[in-house]
Each structure stands twice: as structure tokens, then as C-alpha cells.
$ cat target18.tsv   # TSV, C-alpha atoms
chain	number	residue	atom	x	y	z
A	1	MET	CA	50.91	20.99	104.20
A	2	THR	CA	53.14	20.87	107.27
A	3	ARG	CA	51.85	21.33	110.78
A	4	SER	CA	53.26	24.87	110.94
A	5	GLN	CA	51.33	26.15	107.91
A	6	GLY	CA	47.75	26.14	109.28
A	7	SER	CA	46.06	29.37	110.34
A	8	GLY	CA	45.33	27.94	113.78
A	9	ASN	CA	48.95	27.03	114.07
A	10	GLN	CA	49.98	30.62	113.28
A	11	ILE	CA	47.75	31.83	116.11
A	12	ARG	CA	49.28	29.22	118.42
A	13	ARG	CA	52.79	30.20	117.35
A	14	PHE	CA	52.20	33.96	117.79
A	15	TRP	CA	50.55	33.36	121.17
A	16	ARG	CA	53.37	31.07	122.37
A	17	ILE	CA	56.00	33.63	121.36
A	18	CYS	CA	54.17	36.66	122.71
A	19	ARG	CA	53.01	35.25	126.04
A	20	SER	CA	56.62	34.50	127.04
A	21	LEU	CA	57.64	38.14	126.54
A	22	PRO	CA	57.15	40.98	129.00
A	23	GLY	CA	53.94	42.66	127.83
A	24	GLY	CA	53.39	39.75	125.45
A	25	ARG	CA	49.62	39.52	125.85
A	26	ARG	CA	49.40	43.19	124.95
A	27	ILE	CA	51.64	42.66	121.92
A	28	PHE	CA	49.52	39.71	120.77
A	29	SER	CA	46.35	41.77	121.23
A	30	LEU	CA	47.81	44.62	119.17
A	31	LEU	CA	48.75	42.17	116.40
A	32	LEU	CA	45.22	40.75	116.47
A	33	ARG	CA	43.71	44.24	116.10
A	34	ARG	CA	45.85	44.89	113.03
A	35	ILE	CA	45.14	41.52	111.44
A	36	VAL	CA	41.37	41.79	111.97
A	37	PRO	CA	40.58	45.53	111.67
A	38	TYR	CA	36.87	45.41	112.54
A	39	THR	CA	37.57	43.37	115.64
A	40	GLY	CA	40.18	45.97	116.50
A	41	THR	CA	37.45	48.59	116.94
A	42	ILE	CA	36.67	47.17	120.40
A	43	SER	CA	40.39	46.90	121.35
A	44	PRO	CA	40.13	43.33	122.65
A	45	ARG	CA	42.76	42.16	125.14
A	46	VAL	CA	43.58	38.45	124.99
A	47	LEU	CA	44.20	37.23	128.53
A	48	ALA	CA	44.35	33.47	128.01
A	49	LEU	CA	44.32	31.20	124.98
A	50	GLU	CA	44.56	27.45	124.51
A	51	ASP	CA	42.92	24.78	122.37
A	52	GLY	CA	39.16	25.16	122.83
A	53	TYR	CA	39.42	28.04	125.31
A	54	ALA	CA	39.87	31.83	125.19
A	55	LEU	CA	39.55	34.62	127.72
A	56	VAL	CA	39.30	38.10	126.17
A	57	SER	CA	38.46	41.45	127.77
A	58	MET	CA	37.19	44.79	126.49
A	59	ARG	CA	37.30	48.09	128.35
A	60	ASP	CA	34.24	50.31	128.58
A	61	ARG	CA	35.11	53.39	126.52
A	62	LYS	CA	32.98	56.05	124.88
A	63	ARG	CA	33.86	54.52	121.48
A	64	VAL	CA	31.96	51.29	122.29
A	65	GLN	CA	29.03	52.86	124.16
A	66	ASN	CA	25.45	53.41	123.09
A	67	HIS	CA	23.19	56.37	123.88
A	68	LEU	CA	22.48	54.88	127.35
A	69	ARG	CA	26.20	55.02	128.26
A	70	SER	CA	26.44	51.26	128.43
A	71	ILE	CA	28.40	49.03	126.07
A	72	HIS	CA	26.65	48.74	122.72
A	73	ALA	CA	25.06	45.37	121.92
A	74	ILE	CA	27.10	45.00	118.74
A	75	ALA	CA	30.36	45.68	120.59
A	76	MET	CA	29.41	42.78	122.88
A	77	VAL	CA	28.69	40.59	119.83
A	78	ASN	CA	32.13	41.52	118.49
A	79	LEU	CA	33.71	40.46	121.81
A	80	ALA	CA	31.79	37.16	121.76
A	81	GLU	CA	32.80	36.49	118.16
A	82	VAL	CA	36.52	37.15	118.66
A	83	SER	CA	36.72	35.06	121.83
A	84	SER	CA	34.79	32.14	120.31
A	85	GLY	CA	36.86	32.32	117.14
A	86	LEU	CA	40.19	32.37	118.95
A	87	ALA	CA	39.20	29.34	121.06
A	88	LEU	CA	38.40	27.38	117.91
A	89	ILE	CA	41.14	28.67	115.61
A	90	HIS	CA	43.82	27.98	118.21
A	91	ALA	CA	42.67	24.34	118.17
A	92	LEU	CA	42.50	23.84	114.40
A	93	PRO	CA	44.51	21.09	112.74
A	94	ALA	CA	47.17	22.38	110.33
A	95	ASP	CA	45.10	21.54	107.24
A	96	ALA	CA	41.87	23.20	108.42
A	97	ARG	CA	40.21	26.58	108.26
A	98	ALA	CA	37.10	27.97	109.94
A	99	ILE	CA	34.45	30.51	109.07
A	100	LEU	CA	31.62	31.88	111.17
A	101	VAL	CA	28.25	30.69	109.82
A	102	GLY	CA	25.92	31.64	112.66
A	103	LEU	CA	25.81	33.68	115.83
A	104	SER	CA	23.12	34.17	118.44
A	105	ILE	CA	23.32	36.16	121.63
A	106	ASP	CA	21.09	36.71	124.65
A	107	TYR	CA	21.58	39.77	126.84
A	108	SER	CA	20.88	39.60	130.58
A	109	LYS	CA	21.81	43.11	131.71
A	110	LYS	CA	23.50	46.29	130.53
A	111	GLY	CA	27.21	45.94	130.00
A	112	ARG	CA	29.16	48.49	132.00
A	113	GLY	CA	32.80	48.58	132.96
A	114	THR	CA	35.37	46.15	131.65
A	115	LEU	CA	33.74	43.04	130.18
A	116	THR	CA	35.40	39.65	129.95
A	117	ALA	CA	34.35	36.95	127.50
A	118	GLU	CA	35.16	33.36	128.33
A	119	ALA	CA	34.73	31.07	125.33
A	120	GLN	CA	34.82	27.29	125.18
A	121	CYS	CA	34.40	24.91	122.27
A	122	PRO	CA	35.14	21.33	121.26
A	123	VAL	CA	38.58	20.72	119.79
A	124	PRO	CA	38.37	19.58	116.13
A	125	LYS	CA	40.19	16.28	115.62
A	126	SER	CA	40.41	16.66	111.84
A	127	SER	CA	39.74	19.09	109.00
A	128	GLU	CA	36.61	17.16	108.04
A	129	ARG	CA	33.82	19.54	107.02
A	130	MET	CA	31.83	19.95	110.23
A	131	GLU	CA	30.15	22.66	112.30
A	132	TYR	CA	31.22	23.42	115.86
A	133	ASP	CA	29.45	25.54	118.46
A	134	SER	CA	31.60	27.80	120.58
A	135	VAL	CA	29.90	29.38	123.60
A	136	ALA	CA	31.07	32.73	124.95
A	137	VAL	CA	29.88	34.05	128.31
A	138	LEU	CA	30.37	37.78	128.87
A	139	ARG	CA	30.74	38.99	132.45
A	140	ASP	CA	31.17	42.41	134.02
A	141	GLN	CA	33.74	43.36	136.66
A	142	GLU	CA	31.52	42.01	139.43
A	143	GLY	CA	31.35	38.64	137.71
A	144	ASP	CA	27.70	39.03	136.70
A	145	GLU	CA	26.72	37.53	133.36
A	146	VAL	CA	25.69	40.26	130.93
A	147	ALA	CA	25.37	38.14	127.79
A	148	ARG	CA	25.74	34.60	126.45
A	149	ALA	CA	26.50	33.90	122.81
A	150	THR	CA	26.70	30.78	120.70
A	151	ALA	CA	28.86	31.05	117.61
A	152	ARG	CA	28.57	28.33	114.97
A	153	TRP	CA	31.82	27.79	113.06
A	154	LEU	CA	32.24	25.71	109.93
A	155	VAL	CA	35.53	23.87	109.88
A	156	SER	CA	36.70	22.50	106.54
A	157	PRO	CA	39.95	21.57	104.78
A	158	SER	CA	42.00	24.57	103.74
A	159	VAL	CA	42.37	24.64	99.99
$ encode --input "target18.tsv" --output "C-alpha cells"
Amino acid sequence: MTRSQGSGNQIRRFWRICRSLPGGRRIFSLLLRRIVPYTGTISPRVLALEDGYALVSMRDRKRVQNHLRSIHAIAMVNLAEVSSGLALIHALPADARAILVGLSIDYSKKGRGTLTAEAQCPVPKSSERMEYDSVAVLRDQEGDEVARATARWLVSPSV
């Protein structure tokens, strides 16, 4: 398999192309929503992406709210999962794949307004079967932490 054939490499390639275009982050985010339909339900906006790091936002809209008019807990989990996954997948070697095998989240306050998830994870050096934790911190517009999630990803050789 060549370096350009890995799924992480496709993400890197799409991001590199899109970010250099006017409105490129928006274009990349729209592509992401179409590729991963359930993730698309929260309309994530990818703001920054590099190996082991992602910054993704989500607007507060009626569609993602609960009965208390705050952002639903599961919408926040979705935001944590997509940001943690992008941080890891962007870093994958060409012959690797990743799948989510665990996710835990702690909520500190109601999520209101636009939320931003900042995810960081170790960069896999190989496709050796191994689990990696990616931590996503969700903050509101004031910069207050509303939730913290740890996503456990299993990296293995793509077959």
C-alpha cells in the first residue's frame, strides 16, 4: 500500500486541499457531514486539523437541544467523538485504520451557545495493533469547560 492510500492520508489530503481554498474549512466540514451521516446531524465545523490535534465547533441550534434548551448530552458526545477521531485519523500511517472502542464523558455545566471541542492524542508511529486515548475538551463561547471526554481508539493494520 502506498502512503496515499490510507484513510488518514485521505483526510490529510482533503484537509490540505480544502484549507487552501476560500471557504475551504466549510467545504471540508460539508464533505465530512456527507461521509459520516450521523456525525453530520450536529453540523460540525472543522476549524483546525493536524496530526494528533483537532479543533471542531458546533452551533447551538434547536435540532441539537434537549427539553431544557441546552445542547443535548449526546450531541456533545458526538462532537467529542468526531474531534477525537479526526485528531487520530489525520495522524494514521498509510497502512493503518482506527475504530472507536470506548468513550467516556464527564459534564461540568450545561452546554449553551457555540461549543468548541479541542482534541489531542498521541501520534501512532506504526499500524501495530494498539489502543490510543484521545482527549476532547468541550468549551462554551466564554471559554468555560462544559465537558471532557476520553475516546479510546483501536489502531490496527488495514486489511
$ closest_atom_pairs --input "target18.tsv" --of "range 6-75 of chain A" --to "range 116-131 of chain A" --cutoff "9 Å" --atoms "all atoms listed in the file" --output "tab-separated table"
residue	atom	partner	partner_atom	distance
A:Asp51	CA	A:Val123	CA	6.5
A:Gly52	CA	A:Cys121	CA	4.8
A:Tyr53	CA	A:Gln120	CA	4.7
A:Ala54	CA	A:Ala119	CA	5.2
A:Leu55	CA	A:Glu118	CA	4.6
A:Val56	CA	A:Ala117	CA	5.3
A:Ser57	CA	A:Thr116	CA	4.2
A:Met58	CA	A:Thr116	CA	6.4
A:Arg59	CA	A:Thr116	CA	8.8
$ atom_distance --input "target18.tsv" --atom1 "CA of Asp140 in chain A" --atom2 "CA of Leu79 in chain A"
12.6 Å
$ residues_near_point --input "target18.tsv" --point "(36.2, 24.6, 104.4)" --cutoff "12 Å" --atoms "only C-alpha atoms" --output "PyMOL selection string"
chain A and resi 92+95-101+126-131+153-159
$ residues_around --input "target18.tsv" --residues "range 27-35 of chain A" --least-positions-apart "2" --cutoff "12 Å" --atoms "only C-alpha atoms" --output "count of residues only"
37
$ atom_distance --input "target18.tsv" --atom1 "CA of Val146 in chain A" --atom2 "CA of Ser84 in chain A"
16.2 Å
$ atom_distance --input "target18.tsv" --atom1 "CA of Ala73 in chain A" --atom2 "CA of Ile105 in chain A"
9.4 Å
$ closest_residue --input "target18.tsv" --among "A:Leu88, A:Val77, A:Asp60, A:Arg26" --to "Asn9 in chain A" --atoms "all atoms listed in the file"
A:Leu88
$ closest_residue --input "target18.tsv" --among "A:Glu145, A:Glu50, A:Asp133, A:Gly113" --to "His90 in chain A" --atoms "only C-alpha atoms"
A:Glu50
$ residues_around --input "target18.tsv" --residues "Asp106 in chain A" --least-positions-apart "2" --cutoff "10 Å" --atoms "only C-alpha atoms" --output "number ranges by chain"
A: 73, 77, 104, 108-109, 137, 146-150
$ closest_residue --input "target18.tsv" --among "A:Val36, A:Leu103, A:Leu138, A:Ala94" --to "Ile71 in chain A" --atoms "all atoms listed in the file"
A:Leu138
$ closest_residue --input "target18.tsv" --among "A:Pro93, A:Arg139, A:Arg152, A:Leu68" --to "Tyr107 in chain A" --atoms "all atoms listed in the file"
A:Arg139
